[in-house]
Amino acid sequence: MRYAQGGGLTPAGQVKREAVRLEAAKWFEAGTGTAQIAAELRVTDRSVRRWRAAWRQGGAGALASAGPMAVERLSTVQWQRLEGELKRGPLAHGFDDEAQGWTLKRVKLLIGRLFHVGYTVQGVWRLLKRHGWSCQVPVRRALERDEAAIEVWKAEVWPRVKVPRTTWAPISASRTSPASR
């Protein structure tokens, strides 16, 4: 079990991770070794050693979740309303540049307008990421773009222009080799 690549865990992820630590506590009581626990629970040896040290000092209660690192400023109802407003698009909220889409600064302004809650731009990024939103880069294509011509170029021209990959073959540098004489 590994943390998501994006960093912190959602509340559901915290509960799941706590269950893993409490499972480890049962193994500690049974006297099971660190490597075996790590393999069974799919965690690192270092995590198991850290959990074991906490368990020795405070028992299974020391392995309980400490809760989220920061309290979210938006309630569940507010988040659902914000998500609905984000899905309506920036144009519905007075942002005139339709091609730009939502930026963190615009979402920050929207949160302030709707709920009178202050967030930093980084805080907005963490909020959106925590709720499963991701960074989207708008695709900008020229109006004159000709898809058929691009496909022809990829199929016919590119293979002729592309330099073939050189292969590596072992050679002998030995003086005893007949090829070196």
# chains A, B, ... in the order shown; residues from 1 in each chain; ligands from 1
>>> select_by_dssp(residues="range 34-67 of chain A", states="helix (DSSP H, G or I)", output="list in words")
Thr34, Ala35, Gln36, Ile37, Ala38, Ala39, Glu40, Leu41, Asp45, Arg46, Ser47, Val48, Arg49, Arg50, Trp51, Arg52, Ala53, Ala54, Trp55, Arg56, Gln57, Gly58, Gly59, Ala60, Gly61, Ala62 and Leu63 of chain A
>>> write_last_selection(atoms="C-alpha atoms", output="PDB file, in the first residue's frame")
ATOM      1  CA  THR A  34       9.450  -6.723  10.599  1.00  0.00           C
ATOM      2  CA  ALA A  35      10.226  -8.111   7.140  1.00  0.00           C
ATOM      3  CA  GLN A  36       7.283 -10.521   7.239  1.00  0.00           C
ATOM      4  CA  ILE A  37       4.841  -7.802   8.363  1.00  0.00           C
ATOM      5  CA  ALA A  38       6.105  -5.459   5.652  1.00  0.00           C
ATOM      6  CA  ALA A  39       5.638  -8.134   3.002  1.00  0.00           C
ATOM      7  CA  GLU A  40       2.162  -9.105   4.204  1.00  0.00           C
ATOM      8  CA  LEU A  41       0.897  -5.525   4.454  1.00  0.00           C
ATOM      9  CA  ASP A  45      10.327  -2.084   6.539  1.00  0.00           C
ATOM     10  CA  ARG A  46      10.939   1.454   7.722  1.00  0.00           C
ATOM     11  CA  SER A  47       7.204   2.072   8.191  1.00  0.00           C
ATOM     12  CA  VAL A  48       6.838  -1.137  10.182  1.00  0.00           C
ATOM     13  CA  ARG A  49       9.777  -0.192  12.414  1.00  0.00           C
ATOM     14  CA  ARG A  50       8.260   3.267  13.000  1.00  0.00           C
ATOM     15  CA  TRP A  51       4.858   1.751  13.801  1.00  0.00           C
ATOM     16  CA  ARG A  52       6.450  -0.810  16.144  1.00  0.00           C
ATOM     17  CA  ALA A  53       8.249   1.953  18.074  1.00  0.00           C
ATOM     18  CA  ALA A  54       4.975   3.878  18.459  1.00  0.00           C
ATOM     19  CA  TRP A  55       3.168   0.678  19.465  1.00  0.00           C
ATOM     20  CA  ARG A  56       5.766  -0.080  22.171  1.00  0.00           C
ATOM     21  CA  GLN A  57       5.311   3.390  23.667  1.00  0.00           C
ATOM     22  CA  GLY A  58       1.534   3.748  23.455  1.00  0.00           C
ATOM     23  CA  GLY A  59      -0.026   0.474  22.377  1.00  0.00           C
ATOM     24  CA  ALA A  60      -2.523   0.165  19.532  1.00  0.00           C
ATOM     25  CA  GLY A  61      -3.967   3.586  20.388  1.00  0.00           C
ATOM     26  CA  ALA A  62      -0.683   5.185  19.294  1.00  0.00           C
ATOM     27  CA  LEU A  63      -1.297   3.814  15.790  1.00  0.00           C
TER      28      LEU A  63
END
>>> residues_around(residues="Leu86 in chain A", least_positions_apart="6", cutoff="9 Å", atoms="only C-alpha atoms", output="JSON, numbers by chain")
{"A": [102, 107, 110]}
>>> write_last_selection(atoms="all heavy atoms", output="PDB file, in the first residue's frame")
ATOM      1  N   TRP A 102     -10.829  27.335 -16.245  1.00  0.00           N
ATOM      2  CA  TRP A 102     -10.633  27.648 -14.838  1.00  0.00           C
ATOM      3  C   TRP A 102      -9.141  27.718 -14.530  1.00  0.00           C
ATOM      4  O   TRP A 102      -8.393  26.847 -14.902  1.00  0.00           O
ATOM      5  CB  TRP A 102     -11.275  26.583 -13.955  1.00  0.00           C
ATOM      6  CG  TRP A 102     -12.758  26.690 -13.877  1.00  0.00           C
ATOM      7  CD1 TRP A 102     -13.662  25.808 -14.376  1.00  0.00           C
ATOM      8  CD2 TRP A 102     -13.510  27.738 -13.266  1.00  0.00           C
ATOM      9  NE1 TRP A 102     -14.928  26.241 -14.120  1.00  0.00           N
ATOM     10  CE2 TRP A 102     -14.866  27.429 -13.438  1.00  0.00           C
ATOM     11  CE3 TRP A 102     -13.183  28.898 -12.604  1.00  0.00           C
ATOM     12  CZ2 TRP A 102     -15.890  28.238 -12.960  1.00  0.00           C
ATOM     13  CZ3 TRP A 102     -14.196  29.712 -12.131  1.00  0.00           C
ATOM     14  CH2 TRP A 102     -15.529  29.376 -12.306  1.00  0.00           C
ATOM     15  N   VAL A 107     -10.699  30.141  -9.420  1.00  0.00           N
ATOM     16  CA  VAL A 107     -11.407  29.295  -8.439  1.00  0.00           C
ATOM     17  C   VAL A 107     -11.326  29.943  -7.070  1.00  0.00           C
ATOM     18  O   VAL A 107     -12.306  29.954  -6.313  1.00  0.00           O
ATOM     19  CB  VAL A 107     -10.819  27.858  -8.431  1.00  0.00           C
ATOM     20  CG1 VAL A 107     -11.463  27.026  -7.341  1.00  0.00           C
ATOM     21  CG2 VAL A 107     -11.003  27.195  -9.780  1.00  0.00           C
ATOM     22  N   LEU A 110     -13.850  32.639  -6.972  1.00  0.00           N
ATOM     23  CA  LEU A 110     -15.193  32.066  -6.902  1.00  0.00           C
ATOM     24  C   LEU A 110     -15.516  31.605  -5.480  1.00  0.00           C
ATOM     25  O   LEU A 110     -16.616  31.857  -4.975  1.00  0.00           O
ATOM     26  CB  LEU A 110     -15.320  30.899  -7.886  1.00  0.00           C
ATOM     27  CG  LEU A 110     -16.685  30.224  -7.950  1.00  0.00           C
ATOM     28  CD1 LEU A 110     -17.742  31.203  -8.453  1.00  0.00           C
ATOM     29  CD2 LEU A 110     -16.633  29.003  -8.840  1.00  0.00           C
TER      30      LEU A 110
END
>>> residues_around(residues="range 125-129 of chain A", least_positions_apart="3", cutoff="10 Å", atoms="only C-alpha atoms", output="PDB file with N, CA, C and O atoms, in the first residue's frame")
ATOM      1  N   GLY A   6       0.149  12.076  -5.512  1.00  0.00           N
ATOM      2  CA  GLY A   6      -0.113  13.487  -5.282  1.00  0.00           C
ATOM      3  C   GLY A   6       0.124  13.947  -3.867  1.00  0.00           C
ATOM      4  O   GLY A   6       0.038  15.122  -3.584  1.00  0.00           O
ATOM      5  N   GLY A   7       0.390  13.076  -2.936  1.00  0.00           N
ATOM      6  CA  GLY A   7       0.652  13.522  -1.577  1.00  0.00           C
ATOM      7  C   GLY A   7      -0.326  12.949  -0.588  1.00  0.00           C
ATOM      8  O   GLY A   7      -0.487  11.756  -0.496  1.00  0.00           O
ATOM      9  N   GLY A   8      -1.002  13.799   0.184  1.00  0.00           N
ATOM     10  CA  GLY A   8      -1.836  13.388   1.306  1.00  0.00           C
ATOM     11  C   GLY A   8      -3.011  12.512   0.936  1.00  0.00           C
ATOM     12  O   GLY A   8      -3.338  12.314  -0.225  1.00  0.00           O
ATOM     13  N   THR A  10      -7.085  11.215   1.356  1.00  0.00           N
ATOM     14  CA  THR A  10      -8.452  11.654   1.601  1.00  0.00           C
ATOM     15  C   THR A  10      -8.889  11.057   2.939  1.00  0.00           C
ATOM     16  O   THR A  10      -8.239  10.144   3.458  1.00  0.00           O
ATOM     17  N   GLU A  72     -10.496  21.273   6.673  1.00  0.00           N
ATOM     18  CA  GLU A  72     -10.984  21.871   5.440  1.00  0.00           C
ATOM     19  C   GLU A  72     -11.972  22.975   5.780  1.00  0.00           C
ATOM     20  O   GLU A  72     -12.842  22.802   6.626  1.00  0.00           O
ATOM     21  N   ARG A  73     -11.840  24.094   5.099  1.00  0.00           N
ATOM     22  CA  ARG A  73     -12.676  25.245   5.405  1.00  0.00           C
ATOM     23  C   ARG A  73     -14.056  25.156   4.788  1.00  0.00           C
ATOM     24  O   ARG A  73     -14.966  25.853   5.212  1.00  0.00           O
ATOM     25  N   LEU A  74     -14.210  24.339   3.754  1.00  0.00           N
ATOM     26  CA  LEU A  74     -15.520  24.192   3.113  1.00  0.00           C
ATOM     27  C   LEU A  74     -16.205  22.942   3.644  1.00  0.00           C
ATOM     28  O   LEU A  74     -15.602  21.874   3.732  1.00  0.00           O
ATOM     29  N   TRP A  79     -18.749  22.255  -0.660  1.00  0.00           N
ATOM     30  CA  TRP A  79     -17.925  21.655  -1.721  1.00  0.00           C
ATOM     31  C   TRP A  79     -18.797  21.193  -2.880  1.00  0.00           C
ATOM     32  O   TRP A  79     -18.459  21.402  -4.040  1.00  0.00           O
ATOM     33  N   GLU A  83     -18.438  22.514  -6.633  1.00  0.00           N
ATOM     34  CA  GLU A  83     -18.215  21.591  -7.753  1.00  0.00           C
ATOM     35  C   GLU A  83     -19.257  21.813  -8.849  1.00  0.00           C
ATOM     36  O   GLU A  83     -18.935  21.823 -10.037  1.00  0.00           O
ATOM     37  N   THR A 103      -8.754  28.749 -13.819  1.00  0.00           N
ATOM     38  CA  THR A 103      -7.405  28.846 -13.279  1.00  0.00           C
ATOM     39  C   THR A 103      -7.536  28.804 -11.763  1.00  0.00           C
ATOM     40  O   THR A 103      -8.634  29.000 -11.220  1.00  0.00           O
ATOM     41  N   LEU A 104      -6.448  28.547 -11.068  1.00  0.00           N
ATOM     42  CA  LEU A 104      -6.498  28.511  -9.612  1.00  0.00           C
ATOM     43  C   LEU A 104      -6.934  29.862  -9.050  1.00  0.00           C
ATOM     44  O   LEU A 104      -7.694  29.927  -8.086  1.00  0.00           O
ATOM     45  N   LYS A 105      -6.468  30.935  -9.674  1.00  0.00           N
ATOM     46  CA  LYS A 105      -6.845  32.265  -9.213  1.00  0.00           C
ATOM     47  C   LYS A 105      -8.349  32.487  -9.369  1.00  0.00           C
ATOM     48  O   LYS A 105      -9.005  33.056  -8.489  1.00  0.00           O
ATOM     49  N   VAL A 107     -10.699  30.141  -9.420  1.00  0.00           N
ATOM     50  CA  VAL A 107     -11.407  29.295  -8.439  1.00  0.00           C
ATOM     51  C   VAL A 107     -11.326  29.943  -7.070  1.00  0.00           C
ATOM     52  O   VAL A 107     -12.306  29.954  -6.313  1.00  0.00           O
ATOM     53  N   LYS A 108     -10.175  30.513  -6.735  1.00  0.00           N
ATOM     54  CA  LYS A 108     -10.008  31.221  -5.460  1.00  0.00           C
ATOM     55  C   LYS A 108     -11.010  32.370  -5.355  1.00  0.00           C
ATOM     56  O   LYS A 108     -11.666  32.543  -4.317  1.00  0.00           O
ATOM     57  N   TYR A 119      -8.863  31.518   0.641  1.00  0.00           N
ATOM     58  CA  TYR A 119      -7.900  30.466   0.335  1.00  0.00           C
ATOM     59  C   TYR A 119      -6.720  31.102  -0.381  1.00  0.00           C
ATOM     60  O   TYR A 119      -6.886  32.094  -1.101  1.00  0.00           O
ATOM     61  N   THR A 120      -5.547  30.528  -0.231  1.00  0.00           N
ATOM     62  CA  THR A 120      -4.417  30.919  -1.062  1.00  0.00           C
ATOM     63  C   THR A 120      -4.514  30.131  -2.357  1.00  0.00           C
ATOM     64  O   THR A 120      -5.270  29.154  -2.451  1.00  0.00           O
ATOM     65  N   VAL A 121      -3.728  30.533  -3.355  1.00  0.00           N
ATOM     66  CA  VAL A 121      -3.735  29.804  -4.624  1.00  0.00           C
ATOM     67  C   VAL A 121      -3.265  28.363  -4.391  1.00  0.00           C
ATOM     68  O   VAL A 121      -3.849  27.416  -4.925  1.00  0.00           O
ATOM     69  N   GLN A 122      -2.242  28.198  -3.561  1.00  0.00           N
ATOM     70  CA  GLN A 122      -1.759  26.847  -3.246  1.00  0.00           C
ATOM     71  C   GLN A 122      -2.811  26.049  -2.489  1.00  0.00           C
ATOM     72  O   GLN A 122      -2.959  24.843  -2.693  1.00  0.00           O
ATOM     73  N   GLY A 132     -10.109  15.119  -6.072  1.00  0.00           N
ATOM     74  CA  GLY A 132     -10.018  14.380  -7.322  1.00  0.00           C
ATOM     75  C   GLY A 132      -9.956  15.206  -8.587  1.00  0.00           C
ATOM     76  O   GLY A 132     -10.006  14.657  -9.681  1.00  0.00           O
ATOM     77  N   TRP A 133      -9.821  16.515  -8.481  1.00  0.00           N
ATOM     78  CA  TRP A 133      -9.686  17.349  -9.674  1.00  0.00           C
ATOM     79  C   TRP A 133      -8.222  17.363 -10.074  1.00  0.00           C
ATOM     80  O   TRP A 133      -7.330  17.277  -9.244  1.00  0.00           O
ATOM     81  N   SER A 134      -7.961  17.489 -11.364  1.00  0.00           N
ATOM     82  CA  SER A 134      -6.575  17.491 -11.831  1.00  0.00           C
ATOM     83  C   SER A 134      -6.327  18.703 -12.716  1.00  0.00           C
ATOM     84  O   SER A 134      -7.257  19.351 -13.194  1.00  0.00           O
ATOM     85  N   CYS A 135      -5.069  18.951 -12.933  1.00  0.00           N
ATOM     86  CA  CYS A 135      -4.660  20.063 -13.785  1.00  0.00           C
ATOM     87  C   CYS A 135      -4.947  19.690 -15.235  1.00  0.00           C
ATOM     88  O   CYS A 135      -4.562  18.623 -15.694  1.00  0.00           O
TER      89      CYS A 135
END
>>> atom_distance(atom1="CA of Glu29 in chain A", atom2="CA of Ala66 in chain A")
22.0 Å
>>> atom_distance(atom1="CA of His131 in chain A", atom2="CA of Phe95 in chain A")
23.3 Å
>>> closest_residue(among="A:Thr76, A:Arg130, A:Val71, A:Ala30", to="Gly13 in chain A", atoms="only C-alpha atoms")
A:Arg130
>>> atom_distance(atom1="CA of Gly94 in chain A", atom2="CA of Ile111 in chain A")
13.9 Å
>>> decode(residues="range 59-88 of chain A", atoms="N, CA, C and O atoms", output="compact mmCIF listing (two decimals), in the first residue's frame")
# COMPACT_ATOMS: atom_id res chain seq x y z
N GLY A 59 0.93 1.52 22.72
CA GLY A 59 -0.03 0.47 22.38
C GLY A 59 -0.72 0.75 21.05
O GLY A 59 -0.30 1.60 20.26
N ALA A 60 -1.80 0.03 20.80
CA ALA A 60 -2.52 0.17 19.53
C ALA A 60 -3.11 1.56 19.36
O ALA A 60 -3.27 2.04 18.23
N GLY A 61 -3.41 2.23 20.47
CA GLY A 61 -3.97 3.59 20.39
C GLY A 61 -2.99 4.57 19.75
O GLY A 61 -3.40 5.57 19.15
N ALA A 62 -1.69 4.29 19.88
CA ALA A 62 -0.68 5.19 19.29
C ALA A 62 -0.66 5.07 17.78
O ALA A 62 -0.10 5.94 17.10
N LEU A 63 -1.26 4.01 17.24
CA LEU A 63 -1.30 3.81 15.79
C LEU A 63 -2.57 4.36 15.16
O LEU A 63 -2.74 4.28 13.94
N ALA A 64 -3.46 4.91 15.99
CA ALA A 64 -4.70 5.48 15.46
C ALA A 64 -4.39 6.73 14.65
O ALA A 64 -3.38 7.41 14.86
N SER A 65 -5.26 7.04 13.73
CA SER A 65 -5.08 8.20 12.86
C SER A 65 -5.17 9.49 13.66
O SER A 65 -6.02 9.62 14.55
N ALA A 66 -4.30 10.42 13.35
CA ALA A 66 -4.32 11.72 14.01
C ALA A 66 -5.30 12.67 13.33
O ALA A 66 -5.46 13.81 13.75
N GLY A 67 -5.95 12.19 12.27
CA GLY A 67 -6.90 13.02 11.55
C GLY A 67 -6.21 13.83 10.48
O GLY A 67 -5.00 13.73 10.28
N PRO A 68 -6.95 14.65 9.78
CA PRO A 68 -6.35 15.44 8.71
C PRO A 68 -5.37 16.46 9.27
O PRO A 68 -5.53 16.94 10.39
N MET A 69 -4.34 16.77 8.49
CA MET A 69 -3.33 17.73 8.93
C MET A 69 -3.93 19.13 9.04
O MET A 69 -3.51 19.92 9.85
N ALA A 70 -4.89 19.44 8.19
CA ALA A 70 -5.54 20.74 8.24
C ALA A 70 -7.05 20.53 8.10
O ALA A 70 -7.49 19.64 7.39
N VAL A 71 -7.80 21.34 8.80
CA VAL A 71 -9.25 21.24 8.72
C VAL A 71 -9.70 21.96 7.45
O VAL A 71 -9.31 23.09 7.20
N GLU A 72 -10.50 21.27 6.67
CA GLU A 72 -10.98 21.87 5.44
C GLU A 72 -11.97 22.98 5.78
O GLU A 72 -12.84 22.80 6.63
N ARG A 73 -11.84 24.09 5.10
CA ARG A 73 -12.68 25.24 5.40
C ARG A 73 -14.06 25.16 4.79
O ARG A 73 -14.97 25.85 5.21
N LEU A 74 -14.21 24.34 3.75
CA LEU A 74 -15.52 24.19 3.11
C LEU A 74 -16.21 22.94 3.64
O LEU A 74 -15.60 21.87 3.73
N SER A 75 -17.48 23.08 3.97
CA SER A 75 -18.24 21.92 4.40
C SER A 75 -18.55 21.04 3.19
O SER A 75 -18.31 21.44 2.04
N THR A 76 -19.11 19.88 3.42
CA THR A 76 -19.46 18.97 2.33
C THR A 76 -20.49 19.60 1.40
O THR A 76 -20.37 19.50 0.18
N VAL A 77 -21.46 20.28 1.99
CA VAL A 77 -22.50 20.95 1.19
C VAL A 77 -21.88 22.07 0.35
O VAL A 77 -22.19 22.22 -0.84
N GLN A 78 -20.98 22.84 0.95
CA GLN A 78 -20.32 23.91 0.21
C GLN A 78 -19.47 23.35 -0.93
O GLN A 78 -19.45 23.92 -2.02
N TRP A 79 -18.75 22.26 -0.66
CA TRP A 79 -17.92 21.65 -1.72
C TRP A 79 -18.80 21.19 -2.88
O TRP A 79 -18.46 21.40 -4.04
N GLN A 80 -19.93 20.57 -2.56
CA GLN A 80 -20.82 20.11 -3.63
C GLN A 80 -21.35 21.29 -4.45
O GLN A 80 -21.44 21.20 -5.68
N ARG A 81 -21.66 22.38 -3.79
CA ARG A 81 -22.12 23.57 -4.52
C ARG A 81 -20.98 24.13 -5.39
O ARG A 81 -21.20 24.48 -6.55
N LEU A 82 -19.77 24.19 -4.83
CA LEU A 82 -18.62 24.69 -5.59
C LEU A 82 -18.37 23.81 -6.82
O LEU A 82 -18.14 24.32 -7.92
N GLU A 83 -18.44 22.51 -6.63
CA GLU A 83 -18.22 21.59 -7.75
C GLU A 83 -19.26 21.81 -8.85
O GLU A 83 -18.94 21.82 -10.04
N GLY A 84 -20.49 22.02 -8.45
CA GLY A 84 -21.55 22.31 -9.43
C GLY A 84 -21.28 23.61 -10.18
O GLY A 84 -21.47 23.69 -11.40
N GLU A 85 -20.81 24.62 -9.45
CA GLU A 85 -20.51 25.90 -10.08
C GLU A 85 -19.31 25.79 -11.01
O GLU A 85 -19.28 26.40 -12.07
N LEU A 86 -18.32 24.99 -10.64
CA LEU A 86 -17.16 24.79 -11.51
C LEU A 86 -17.57 24.09 -12.81
O LEU A 86 -17.06 24.41 -13.88
N LYS A 87 -18.50 23.16 -12.69
CA LYS A 87 -18.97 22.45 -13.89
C LYS A 87 -19.75 23.36 -14.82
O LYS A 87 -19.80 23.12 -16.02
N ARG A 88 -20.36 24.43 -14.28
CA ARG A 88 -21.07 25.39 -15.14
C ARG A 88 -20.11 26.16 -16.03
O ARG A 88 -20.49 26.64 -17.08
